[in-house]
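Peer 1: The following file, target_6.csv, comprises CSV, C-alpha atoms:
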```csv
chain,number,residue,atom,x,y,z
K,50,MET,CA,3.7,-1.8,-2.9
K,51,VAL,CA,1.1,-0.5,-0.4
K,52,SER,CA,-0.4,-2.2,2.6
K,53,GLY,CA,-1.9,-1.2,6.0
K,54,ASN,CA,-3.4,-2.5,9.2
K,55,THR,CA,-6.9,-1.0,8.4
K,56,PRO,CA,-8.6,-0.2,5.1
K,57,GLU,CA,-8.6,3.5,6.0
K,58,ALA,CA,-4.8,3.5,6.8
K,59,ARG,CA,-4.1,1.7,3.5
K,60,GLY,CA,-6.4,4.1,1.6
K,61,ARG,CA,-4.7,7.1,3.1
K,62,VAL,CA,-1.3,6.0,1.8
K,63,LEU,CA,-2.7,5.4,-1.6
K,64,ASP,CA,-4.2,8.9,-1.6
K,65,LEU,CA,-0.8,10.4,-0.7
K,66,LEU,CA,1.0,8.4,-3.3
K,67,LEU,CA,-1.4,9.4,-6.0
K,68,ARG,CA,-1.1,13.0,-5.0
K,69,ALA,CA,2.7,12.7,-5.6
K,70,SER,CA,2.3,10.6,-8.8
K,71,PRO,CA,-1.1,11.2,-10.4
K,72,GLU,CA,-0.2,9.1,-13.5
K,73,ALA,CA,0.3,5.9,-11.5
K,74,LEU,CA,-1.8,2.8,-12.2
K,75,VAL,CA,-3.2,1.2,-9.0
K,76,LEU,CA,-3.6,-2.5,-9.0
K,77,SER,CA,-5.7,-3.4,-5.9
K,78,VAL,CA,-5.7,-7.1,-4.9
K,79,SER,CA,-7.8,-9.1,-2.5
K,80,VAL,CA,-7.2,-12.7,-1.6
K,81,LEU,CA,-10.0,-14.8,-0.1
K,82,GLY,CA,-9.2,-18.3,1.2
K,83,ASP,CA,-8.1,-20.3,4.1
K,84,ALA,CA,-5.5,-23.0,5.1
K,85,SER,CA,-7.5,-25.8,3.3
K,86,GLU,CA,-6.2,-27.6,0.2
K,87,ARG,CA,-8.2,-25.3,-2.1
K,88,TYR,CA,-6.6,-22.5,-4.0
K,89,PRO,CA,-7.8,-19.0,-2.9
K,90,SER,CA,-9.9,-16.6,-5.0
K,91,VAL,CA,-7.9,-13.6,-6.2
K,92,GLN,CA,-9.7,-10.5,-7.2
K,93,ARG,CA,-8.0,-7.5,-8.8
K,94,LEU,CA,-9.2,-4.0,-9.6
K,95,ALA,CA,-7.3,-1.5,-11.8
K,96,SER,CA,-7.7,2.2,-11.5
K,97,GLY,CA,-5.9,5.3,-12.6
K,98,GLY,CA,-3.1,5.1,-15.2
K,99,ASP,CA,-4.2,5.4,-18.9
K,100,GLU,CA,-6.7,3.6,-20.9
K,101,GLY,CA,-4.1,1.4,-22.7
K,102,GLN,CA,-2.8,0.1,-19.3
K,103,ARG,CA,-6.2,-0.7,-18.0
K,104,ALA,CA,-7.3,-2.3,-21.3
K,105,SER,CA,-4.3,-4.7,-21.1
K,106,LEU,CA,-5.9,-6.3,-18.1
K,107,THR,CA,-8.7,-8.1,-19.8
K,108,SER,CA,-8.7,-10.9,-17.1
K,109,LEU,CA,-9.8,-8.5,-14.4
K,110,SER,CA,-13.4,-8.9,-15.2
K,111,GLN,CA,-13.7,-12.0,-13.0
K,112,ALA,CA,-12.0,-13.4,-10.0
K,113,ALA,CA,-9.3,-16.0,-10.6
K,114,THR,CA,-8.6,-19.1,-8.5
K,115,GLY,CA,-5.0,-20.1,-8.1
K,116,ASP,CA,-1.6,-19.0,-6.7
K,117,PRO,CA,-1.9,-15.3,-5.9
K,118,ALA,CA,1.7,-14.6,-6.8
K,119,VAL,CA,1.3,-16.3,-10.2
K,120,ILE,CA,-1.9,-14.4,-11.0
K,121,VAL,CA,-0.5,-11.0,-10.0
K,122,ARG,CA,2.8,-11.6,-11.8
K,123,GLN,CA,0.8,-12.2,-15.0
K,124,ASP,CA,-1.1,-9.0,-14.4
K,125,LEU,CA,2.1,-7.0,-13.9
K,126,ARG,CA,3.6,-8.5,-17.1
K,127,ALA,CA,0.5,-7.5,-19.1
K,128,ILE,CA,0.8,-3.9,-17.8
K,129,ALA,CA,4.5,-3.8,-18.7
K,130,ARG,CA,3.9,-5.0,-22.2
K,131,ALA,CA,1.1,-2.4,-22.7
K,132,ALA,CA,3.1,0.5,-21.4
K,133,ALA,CA,6.9,0.2,-20.8
K,134,GLY,CA,8.0,2.3,-17.8
K,135,ALA,CA,4.5,2.5,-16.2
K,136,HIS,CA,4.4,3.5,-12.6
K,137,VAL,CA,2.4,0.7,-10.8
K,138,VAL,CA,1.2,0.8,-7.2
K,139,LEU,CA,0.4,-2.7,-6.0
K,140,ALA,CA,-2.2,-2.4,-3.2
K,141,LEU,CA,-2.3,-5.5,-1.0
K,142,PRO,CA,-4.8,-6.4,1.7
K,143,GLY,CA,-3.9,-6.9,5.3
K,144,ASN,CA,-3.9,-10.7,5.0
K,145,VAL,CA,-0.9,-10.8,2.7
K,146,ASP,CA,2.7,-11.0,4.1
K,147,ALA,CA,4.2,-8.3,2.0
K,148,VAL,CA,7.9,-9.2,2.0
K,149,ALA,CA,7.2,-12.9,1.4
K,150,PHE,CA,4.7,-12.1,-1.3
K,151,LEU,CA,7.1,-9.7,-3.1
K,152,ALA,CA,9.9,-12.3,-2.9
K,153,GLU,CA,7.6,-14.8,-4.6
K,154,LEU,CA,6.6,-12.3,-7.2
K,155,TRP,CA,10.2,-11.4,-7.9
K,156,ARG,CA,11.4,-15.0,-8.2
K,157,ALA,CA,11.6,-16.1,-11.8
K,158,ARG,CA,9.8,-19.3,-12.6
K,159,PRO,CA,11.4,-21.9,-14.9
K,160,GLY,CA,10.9,-20.9,-18.5
K,161,THR,CA,9.7,-17.4,-17.7
K,162,SER,CA,11.3,-14.0,-17.4
K,163,ALA,CA,11.7,-12.3,-14.1
K,164,LEU,CA,9.7,-9.2,-13.1
K,165,ARG,CA,13.0,-7.4,-12.6
K,166,ASP,CA,13.2,-7.4,-16.4
K,167,TYR,CA,10.2,-5.1,-16.5
K,168,TYR,CA,10.1,-3.2,-13.2
K,169,ASP,CA,12.4,-1.4,-10.8
K,170,LEU,CA,11.5,-1.6,-7.1
K,171,ALA,CA,10.2,1.3,-5.2
K,172,PRO,CA,9.6,1.1,-1.4
K,173,ILE,CA,7.0,-0.9,0.5
K,174,ALA,CA,4.7,1.7,2.1
K,175,VAL,CA,2.5,0.7,5.0
K,176,GLY,CA,-0.2,2.8,6.6
K,177,LEU,CA,-0.8,2.2,10.3
K,178,ASP,CA,-3.6,3.1,12.7
K,179,PRO,CA,-1.8,3.5,16.1
K,180,GLY,CA,-4.5,2.1,18.3
K,181,ARG,CA,-5.0,-0.9,16.1
K,182,LEU,CA,-1.3,-1.5,16.0
K,183,LEU,CA,-1.0,-1.7,19.8
K,184,ARG,CA,-4.1,-3.8,20.2
K,185,ASP,CA,-3.0,-6.3,17.5
K,186,LEU,CA,0.6,-6.7,18.9
K,187,GLY,CA,-1.0,-7.8,22.2
K,188,CYS,CA,-3.4,-10.4,20.6
K,189,VAL,CA,-1.9,-13.9,20.7
K,190,HIS,CA,-5.1,-15.9,21.5
K,191,ARG,CA,-6.5,-15.6,18.0
K,192,ALA,CA,-5.1,-16.6,14.6
K,193,VAL,CA,-5.5,-15.1,11.1
K,194,GLN,CA,-4.9,-16.7,7.7
K,195,VAL,CA,-2.0,-15.0,5.9
K,196,PHE,CA,-0.8,-15.5,2.4
K,197,GLY,CA,2.9,-15.0,1.5
K,198,ASP,CA,5.4,-17.2,-0.4
K,199,ARG,CA,2.9,-20.1,-1.0
K,200,PRO,CA,-0.4,-20.3,-2.7
K,201,ARG,CA,-2.4,-21.3,0.4
K,202,ALA,CA,-2.7,-19.4,3.6
K,203,VAL,CA,-0.8,-20.2,6.8
K,204,PRO,CA,-2.2,-19.4,10.3
K,205,LEU,CA,-0.4,-16.7,12.3
K,206,THR,CA,-1.3,-15.0,15.5
K,207,VAL,CA,-2.7,-11.5,15.1
K,208,ALA,CA,0.4,-10.2,16.9
K,209,GLU,CA,2.8,-12.0,14.6
K,210,ALA,CA,0.9,-10.7,11.5
K,211,ALA,CA,1.0,-7.1,12.8
K,212,ALA,CA,4.7,-7.3,13.6
K,213,ARG,CA,5.5,-8.7,10.1
K,214,GLN,CA,3.5,-6.0,8.4
K,215,SER,CA,5.4,-3.2,10.3
K,216,GLU,CA,8.8,-4.9,9.6
K,217,ALA,CA,8.1,-5.2,5.9
K,218,ALA,CA,7.9,-1.5,5.3
K,219,GLN,CA,10.5,0.9,4.0
K,220,VAL,CA,8.1,3.7,4.7
K,221,MET,CA,5.4,3.8,7.4
K,222,VAL,CA,2.7,6.4,7.5
K,223,LEU,CA,1.3,6.6,11.1
K,224,GLY,CA,-2.2,8.1,11.2
K,225,LYS,CA,-3.9,9.8,14.1
K,226,GLY,CA,-6.3,7.0,14.8
K,227,LEU,CA,-9.5,7.3,16.8
K,228,GLU,CA,-9.9,10.1,19.4
K,229,GLU,CA,-9.3,7.7,22.2
K,230,ASP,CA,-6.1,6.5,20.7
K,231,ARG,CA,-4.5,10.0,20.3
K,232,GLY,CA,-2.4,9.5,23.4
K,233,ARG,CA,-0.9,6.3,22.0
K,234,ARG,CA,0.5,7.9,18.9
K,235,GLU,CA,3.9,8.8,20.2
K,236,GLY,CA,4.3,5.4,21.9
K,237,SER,CA,3.4,3.7,18.6
K,238,ARG,CA,5.9,5.9,16.8
K,239,ALA,CA,8.7,4.9,19.3
K,240,LEU,CA,7.7,1.2,19.0
K,241,LEU,CA,7.8,1.3,15.2
K,242,ALA,CA,11.2,2.9,15.2
K,243,HIS,CA,12.5,-0.1,17.2
K,244,LEU,CA,10.6,-2.8,15.3
K,245,ASN,CA,12.0,-1.4,12.0
K,246,PRO,CA,14.9,1.0,12.5
K,247,SER,CA,15.7,1.2,8.8
K,248,ALA,CA,12.3,2.5,7.8
K,249,MET,CA,11.1,6.1,7.4
K,250,VAL,CA,8.2,6.9,9.8
K,251,LEU,CA,6.0,9.7,8.6
K,252,LEU,CA,3.3,11.2,10.8
K,253,ASP,CA,0.1,11.8,8.9
K,254,ASP,CA,-1.0,15.3,9.8
K,255,ALA,CA,-3.7,17.1,7.9
K,256,GLU,CA,-1.8,20.4,8.1
K,257,ALA,CA,1.4,18.9,6.5
K,258,ASP,CA,1.9,18.4,2.8
K,259,ASP,CA,2.6,14.7,3.0
K,260,GLY,CA,2.5,14.4,-0.8
K,261,ILE,CA,5.9,16.3,-0.9
K,262,SER,CA,7.3,13.9,1.8
K,263,LEU,CA,6.3,10.9,-0.3
K,264,MET,CA,7.4,12.4,-3.7
K,265,THR,CA,10.9,10.9,-3.7
K,266,LEU,CA,9.4,7.5,-2.6
K,267,THR,CA,7.3,7.0,-5.7
K,268,ARG,CA,10.3,6.5,-7.9
K,269,PRO,CA,12.7,3.6,-8.0
K,270,ASP,CA,15.7,3.9,-5.8
K,271,PRO,CA,18.7,1.4,-5.7
K,272,ARG,CA,18.6,1.4,-1.9
K,273,TRP,CA,15.3,-0.6,-1.9
K,274,ALA,CA,16.4,-3.2,-4.5
K,275,VAL,CA,20.1,-3.6,-3.8
K,276,ALA,CA,19.6,-6.9,-1.8
K,277,GLY,CA,16.4,-8.1,-3.4
K,278,PRO,CA,13.2,-9.1,-1.7
K,279,GLU,CA,14.2,-12.7,-1.2
K,280,ASP,CA,17.3,-11.8,0.7
K,281,ARG,CA,15.3,-10.1,3.4
K,282,LEU,CA,13.8,-13.5,4.2
K,283,ASP,CA,17.1,-15.2,4.9
K,284,VAL,CA,16.8,-16.6,8.4
K,285,VAL,CA,20.4,-15.8,9.3
K,286,ALA,CA,20.2,-12.2,8.1
K,287,PRO,CA,21.0,-9.8,11.0
K,288,VAL,CA,18.2,-8.1,12.7
K,289,VAL,CA,18.8,-4.4,12.9
K,290,ARG,CA,18.7,-3.0,16.4
K,291,ARG,CA,17.9,0.6,17.3
K,292,CYS,CA,20.0,1.9,20.2
K,293,GLY,CA,18.7,4.0,23.1
K,294,VAL,CA,15.3,4.3,24.9
K,295,ASP,CA,12.4,6.2,23.4
K,296,HIS,CA,9.2,6.6,25.5
K,297,GLY,CA,10.3,3.6,27.5
K,298,VAL,CA,10.8,1.4,24.4
K,299,ALA,CA,14.2,-0.3,24.0
K,300,SER,CA,15.8,-3.1,22.0
K,301,VAL,CA,18.3,-5.6,23.3
K,302,LEU,CA,20.7,-7.6,21.2
K,303,TRP,CA,21.9,-10.9,22.6
K,304,ARG,CA,24.7,-12.9,20.9
K,305,SER,CA,26.5,-16.1,21.8
K,306,ARG,CA,29.0,-18.4,20.0
K,307,ARG,CA,28.0,-21.4,22.2
K,308,PRO,CA,25.1,-23.8,21.6
K,309,LEU,CA,22.0,-23.4,23.8
K,310,HIS,CA,21.0,-26.1,26.3
K,311,PRO,CA,17.3,-26.6,25.3
K,312,GLU,CA,16.1,-27.5,28.8
K,313,ARG,CA,17.7,-24.5,30.4
K,314,LEU,CA,16.4,-22.3,27.6
K,315,ALA,CA,12.8,-23.6,28.3
K,316,GLU,CA,13.2,-22.9,32.0
K,317,SER,CA,14.4,-19.3,31.2
K,318,LEU,CA,11.4,-18.3,29.1
K,319,PRO,CA,9.2,-17.1,32.0
K,320,ARG,CA,11.9,-14.6,32.8
K,321,ILE,CA,12.4,-13.5,29.2
K,322,MET,CA,9.0,-13.2,27.7
K,323,PRO,CA,6.9,-11.0,30.0
K,324,SER,CA,8.2,-7.6,28.9
K,325,VAL,CA,9.1,-8.5,25.3
K,326,VAL,CA,6.7,-7.2,22.6
K,327,ARG,CA,8.8,-8.6,19.7
K,328,GLY,CA,11.7,-11.0,19.4
K,329,ARG,CA,13.4,-12.0,16.2
K,330,GLY,CA,16.6,-14.0,15.4
K,331,HIS,CA,18.2,-17.4,15.1
K,332,LEU,CA,19.5,-20.0,17.5
K,333,TRP,CA,22.1,-22.7,17.6
K,334,VAL,CA,20.5,-25.4,19.8
K,335,ALA,CA,22.7,-28.2,21.0
K,336,THR,CA,20.3,-31.0,20.2
K,337,ARG,CA,20.1,-29.9,16.6
K,338,PRO,CA,23.6,-28.7,15.8
K,339,ASP,CA,23.1,-28.7,12.0
K,340,ALA,CA,19.8,-26.8,11.9
K,341,VAL,CA,19.2,-23.0,12.1
K,342,ILE,CA,16.4,-22.5,14.6
K,343,SER,CA,14.4,-19.4,14.0
K,344,TRP,CA,13.0,-17.4,16.9
K,345,ARG,CA,9.9,-15.4,16.3
K,346,SER,CA,7.9,-14.0,19.2
K,347,ALA,CA,5.1,-11.5,19.3
K,348,GLY,CA,3.5,-10.7,22.6
K,349,ARG,CA,3.5,-13.9,24.7
K,350,HIS,CA,3.5,-16.2,21.7
K,351,LEU,CA,6.8,-17.8,20.7
K,352,GLU,CA,7.5,-19.9,17.6
K,353,LEU,CA,10.7,-21.9,17.4
K,354,ARG,CA,11.3,-24.0,14.2
K,355,GLU,CA,13.9,-25.4,11.9
K,356,ALA,CA,14.4,-22.9,9.2
K,357,GLY,CA,17.4,-24.1,7.2
K,358,ARG,CA,20.9,-25.5,7.6
K,359,TRP,CA,24.1,-23.8,8.7
K,360,LEU,CA,26.6,-23.3,6.0
K,361,GLU,CA,29.4,-25.8,5.9
K,362,ASP,CA,32.8,-26.0,4.2
K,363,GLY,CA,32.4,-27.6,0.8
K,364,ASP,CA,28.6,-27.1,0.6
K,365,THR,CA,28.7,-25.3,-2.7
K,366,GLU,CA,25.0,-25.5,-3.3
K,367,GLY,CA,24.2,-24.1,0.2
K,368,TRP,CA,26.6,-21.2,-0.3
K,369,ARG,CA,25.3,-20.4,-3.7
K,370,ALA,CA,21.7,-20.4,-2.4
K,371,ALA,CA,22.5,-18.1,0.5
K,372,SER,CA,22.1,-14.3,0.2
K,373,ALA,CA,25.2,-12.3,-0.5
K,374,GLN,CA,24.7,-10.6,2.9
K,375,ARG,CA,24.7,-14.0,4.7
K,376,ARG,CA,27.8,-15.2,2.8
K,377,THR,CA,29.6,-12.1,3.9
K,378,LEU,CA,28.5,-12.5,7.5
K,379,ALA,CA,29.4,-16.2,7.5
K,380,SER,CA,32.9,-15.3,6.4
K,381,TRP,CA,33.3,-12.7,9.1
K,382,HIS,CA,32.0,-14.9,11.9
K,383,TRP,CA,33.5,-18.2,10.6
K,384,ASP,CA,34.9,-20.5,13.3
K,385,ASP,CA,37.3,-23.3,12.2
K,386,ARG,CA,35.4,-25.9,14.2
K,387,TYR,CA,31.8,-24.7,14.3
K,388,GLY,CA,31.5,-22.7,11.1
K,389,GLU,CA,28.9,-19.9,11.1
K,390,ARG,CA,26.9,-21.3,14.0
K,391,ARG,CA,25.9,-18.6,16.5
K,392,ASN,CA,22.9,-17.2,18.4
K,393,GLU,CA,21.6,-13.8,17.6
K,394,ILE,CA,18.2,-12.4,18.8
K,395,VAL,CA,16.9,-8.8,19.1
K,396,PHE,CA,14.2,-8.3,21.8
K,397,THR,CA,12.0,-5.2,21.7
K,398,GLY,CA,9.7,-4.1,24.6
K,399,ALA,CA,8.9,-1.5,27.2
K,400,GLU,CA,11.0,-1.2,30.4
K,401,LEU,CA,13.3,-4.1,29.4
K,402,ASP,CA,16.1,-4.9,31.9
K,403,GLN,CA,18.9,-5.4,29.4
K,404,ASP,CA,21.5,-6.8,31.8
K,405,ARG,CA,19.0,-9.2,33.3
K,406,LEU,CA,17.9,-10.4,29.9
K,407,ARG,CA,21.4,-11.1,28.7
K,408,THR,CA,22.4,-12.8,32.0
K,409,VAL,CA,19.4,-15.2,31.8
K,410,LEU,CA,20.3,-16.2,28.3
K,411,ASP,CA,24.0,-16.5,29.0
K,412,ALA,CA,23.2,-19.0,31.7
K,413,ALA,CA,21.3,-21.1,29.1
K,414,VAL,CA,24.3,-21.9,26.9
K,415,LEU,CA,26.5,-24.9,27.4
K,416,ASP,CA,29.3,-24.5,29.9
K,417,ASP,CA,32.9,-25.6,29.3
K,418,ARG,CA,32.3,-29.1,30.5
K,419,GLU,CA,29.2,-29.7,28.5
K,420,LEU,CA,30.8,-28.1,25.4
K,421,ALA,CA,33.8,-30.5,25.7
K,422,LEU,CA,31.5,-33.6,25.6
K,423,GLY,CA,30.7,-33.0,22.0
K,424,ALA,CA,27.7,-33.3,19.6
K,425,ASP,CA,27.0,-36.9,20.4
K,426,HIS,CA,26.4,-36.1,24.0
K,427,TRP,CA,24.4,-32.9,23.1
K,428,ALA,CA,22.0,-35.0,21.1
K,429,ARG,CA,20.9,-36.9,24.2
K,430,LEU,CA,20.0,-33.8,26.2
K,431,PRO,CA,16.3,-33.4,27.1
K,432,ASP,CA,14.6,-31.0,24.7
K,433,PRO,CA,11.1,-29.8,25.8
K,434,LEU,CA,11.0,-27.1,23.1
K,435,LEU,CA,11.7,-28.9,19.9
K,436,GLY,CA,11.3,-32.6,20.9
K,437,THR,CA,13.7,-35.5,20.8
K,438,VAL,CA,15.6,-36.0,17.5
K,439,ALA,CA,15.2,-39.6,16.1
K,440,ARG,CA,18.6,-41.3,16.4
K,441,ASP,CA,20.2,-43.6,13.8
K,442,PRO,CA,20.1,-47.1,15.5
K,443,ASP,CA,23.4,-48.0,13.8
K,444,ARG,CA,25.3,-45.2,15.5
```
As structure tokens, what does this structure read like?
Peer 2:
Amino acid sequence: MVSGNTPEARGRVLDLLLRASPEALVLSVSVLGDASERYPSVQRLASGGDEGQRASLTSLSQAATGDPAVIVRQDLRAIARAAAGAHVVLALPGNVDAVAFLAELWRARPGTSALRDYYDLAPIAVGLDPGRLLRDLGCVHRAVQVFGDRPRAVPLTVAEAAARQSEAAQVMVLGKGLEEDRGRREGSRALLAHLNPSAMVLLDDAEADDGISLMTLTRPDPRWAVAGPEDRLDVVAPVVRRCGVDHGVASVLWRSRRPLHPERLAESLPRIMPSVVRGRGHLWVATRPDAVISWRSAGRHLELREAGRWLEDGDTEGWRAASAQRRTLASWHWDDRYGERRNEIVFTGAELDQDRLRTVLDAAVLDDRELALGADHWARLPDPLLGTVARDPDR
């Protein structure tokens, strides 16, 4: 799967992949739509491969209207039936959330076979223009419509969309960008290494034979598929942190096994957000003790929302639905009284004061006296971030 933050960056990755695997069939996709109730228009174009593979895609002659994941899944199945073992490069536009889209593709619908019966996963490769990356990560005043695990688009800030695209990759190809952006390249490389420490970052230099660098990445590798795309979306999955400081960029991990006081958390935000480029993780908020609250920040924009439930003893369905990684972590962190509940956020930014950041957040959790009052008291705390939870009048 290939994406990129500009058409040129995306095209460059495609060129490199085809140099390494000339026989590959490229299925290029565009999705045109918005957040209205209408389904989007999905256009696909097949190139490369052999004549039999291209002939199998008779539906490509016109745009289809519907769920993008359903339409592309049908295309991929048609290719697999025409040529077992075909190498397919799925080229996605910038308005598609790659991991969420891949997870929806990979999920088997009732009565249908899963794509894993036909394909092995290779890495997600993302091409990035360094100047565009830095500009987008700072843009929180404008929204874009992004498609992912649902047929209709959802609005995201430009910064959030840019961060998700970088975090989706297993391979990032960082281009030179425009002449005026050349000085930003090393800073961009350092930032990408912190946003996505597990990814491989390749510098795209004309004098280097990048095709050789990408050769091993054009073939299936169990490292990319061991967890499955959907597992990467689990809200309680740990966010990998890169240690050290590179060109002033650092990442700070904050953890706590106490619930957060929502009012003190709100008051602490002006001291947390200014130097943070990206923040990801999950929270245990006192006013909503059963809910996992996801934290996503990009630039000065912060989104807090309920994103699932904490695992409980006896919740067989919840444990079965959770990823294997989450079940393992829950067992490691399990508390006899509070279960898996915990706070865990990774902040990435330039010139972060790590001690100050942790001190501010430590002051926002419940103290011993507040903790001893119990969940019924916590529910009555003022909550300017998530709002007051409706109470059962019989309680």
Peer 1: As a ChimeraX atom specification, please: the residues near K:Leu205 (cut-off 7 Å, all atoms listed in the file, same-chain neighbours under 6 positions excluded).
Peer 2: /K:192-195
Peer 1: Would you please work out which residue, of K:Arg354, K:Arg375, K:Arg233, K:Arg407, is nearest to K:Leu302 when using only C-alpha atoms?
Peer 2: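 Nearest to K:Leu302: K:Arg407.
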Peer 1: Figure out the distance between atom CA of K:Arg304 and atom CA of K:Arg376, please, to one decimal in Å.
Peer 2: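 Result for atom CA of K:Arg376 versus atom CA of K:Arg304: 18.5 Å, one decimal.
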Peer 1: One number please: atom CA of K:Asp339 to atom CA of K:Ala424, in Å, one decimal.
Peer 2: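 Atom-to-atom, atom CA of K:Asp339 to atom CA of K:Ala424, that is 10.0 Å.
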Peer 1: Looking at only C-alpha atoms, which of K:Gln374, K:Ser96, K:Ser380, K:Thr336 is the one that sits closest to K:Arg429?
Peer 2: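 So, comparing all the options, the nearest one is K:Thr336.
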Peer 1: Measuring atom to atom with only C-alpha atoms, identify which of K:Ala157, K:Ala208, K:Val395, K:Leu406 is nearest to K:Pro246.
Peer 2: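 Result for the nearest residue to K:Pro246: K:Val395.
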Peer 1: Mind checking which residues fall within 9 Å of K:Gly236, counting only C-alpha atoms, ignoring those fewer than 2 positions away in the same chain, and posting them as a ChimeraX atom specification?
Peer 2: /K:179,232-234,238-241,295-298
Peer 1: List the residues sitting within 12 Å of (13.9, -11.7, 13.6) in the file's frame, using only C-alpha atoms, as a ChimeraX atom specification.
Peer 2: /K:209,212-213,216-217,244-245,281-290,302,327-332,342-347,351-353,392-397
Peer 1: Have a look at K:Arg165, K:Arg68, K:Arg93, K:Lys225 and name the one nearest to K:Arg181; count only C-alpha atoms.
Peer 2: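 That would be K:Lys225, the residue with the smallest distance to K:Arg181.
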Peer 1: What is the atom CA of K:Glu366-atom CA of K:Thr161 distance in Å, reported with one decimal?
Peer 2: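 Going from atom CA of K:Glu366 over to atom CA of K:Thr161 covers 22.5 Å.
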Peer 1: When you count only C-alpha atoms, which of these residues is closest to K:Pro308: K:Gly224, K:Pro338, K:Gly398, K:Pro117?
Peer 2: K:Pro338
Peer 1: Considering all atoms listed in the file, can you say which of K:Leu94, K:Val121, K:Glu279, K:Val78 comes closest to K:Ala373?
Peer 2: K:Glu279
Peer 1: If you count all atoms listed in the file, which residues fall within 8 Å of K:Cys188, apart from same-chain ones fewer than 6 positions away, as a PyMOL selection string?
Peer 2: chain K and resi 206-208+348
Peer 1: Skip K:Leu410 itself and residues of its chain fewer than 5 positions away, then list as a list in words all residues within 8 Å of it, counting all atoms listed in the file.
Peer 2: Trp303, Leu314 and Ser317 of chain K
Peer 1: Quick one: residues within 7 Å of K:Leu141, all atoms listed in the file, excluding same-chain residues fewer than 5 positions away - as a short mmCIF file (atom, residue, chain, number, x, y, z; two decimals) with C-alpha atoms, in the coordinates of the input?
Peer 2:
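This is the output file around_13.cif:
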```
data_model
loop_
_atom_site.label_atom_id
_atom_site.label_comp_id
_atom_site.auth_asym_id
_atom_site.auth_seq_id
_atom_site.Cartn_x
_atom_site.Cartn_y
_atom_site.Cartn_z
CA VAL K 51 1.10 -0.50 -0.40
CA SER K 52 -0.40 -2.20 2.60
CA SER K 77 -5.70 -3.40 -5.90
CA VAL K 78 -5.70 -7.10 -4.90
CA SER K 79 -7.80 -9.10 -2.50
#
```
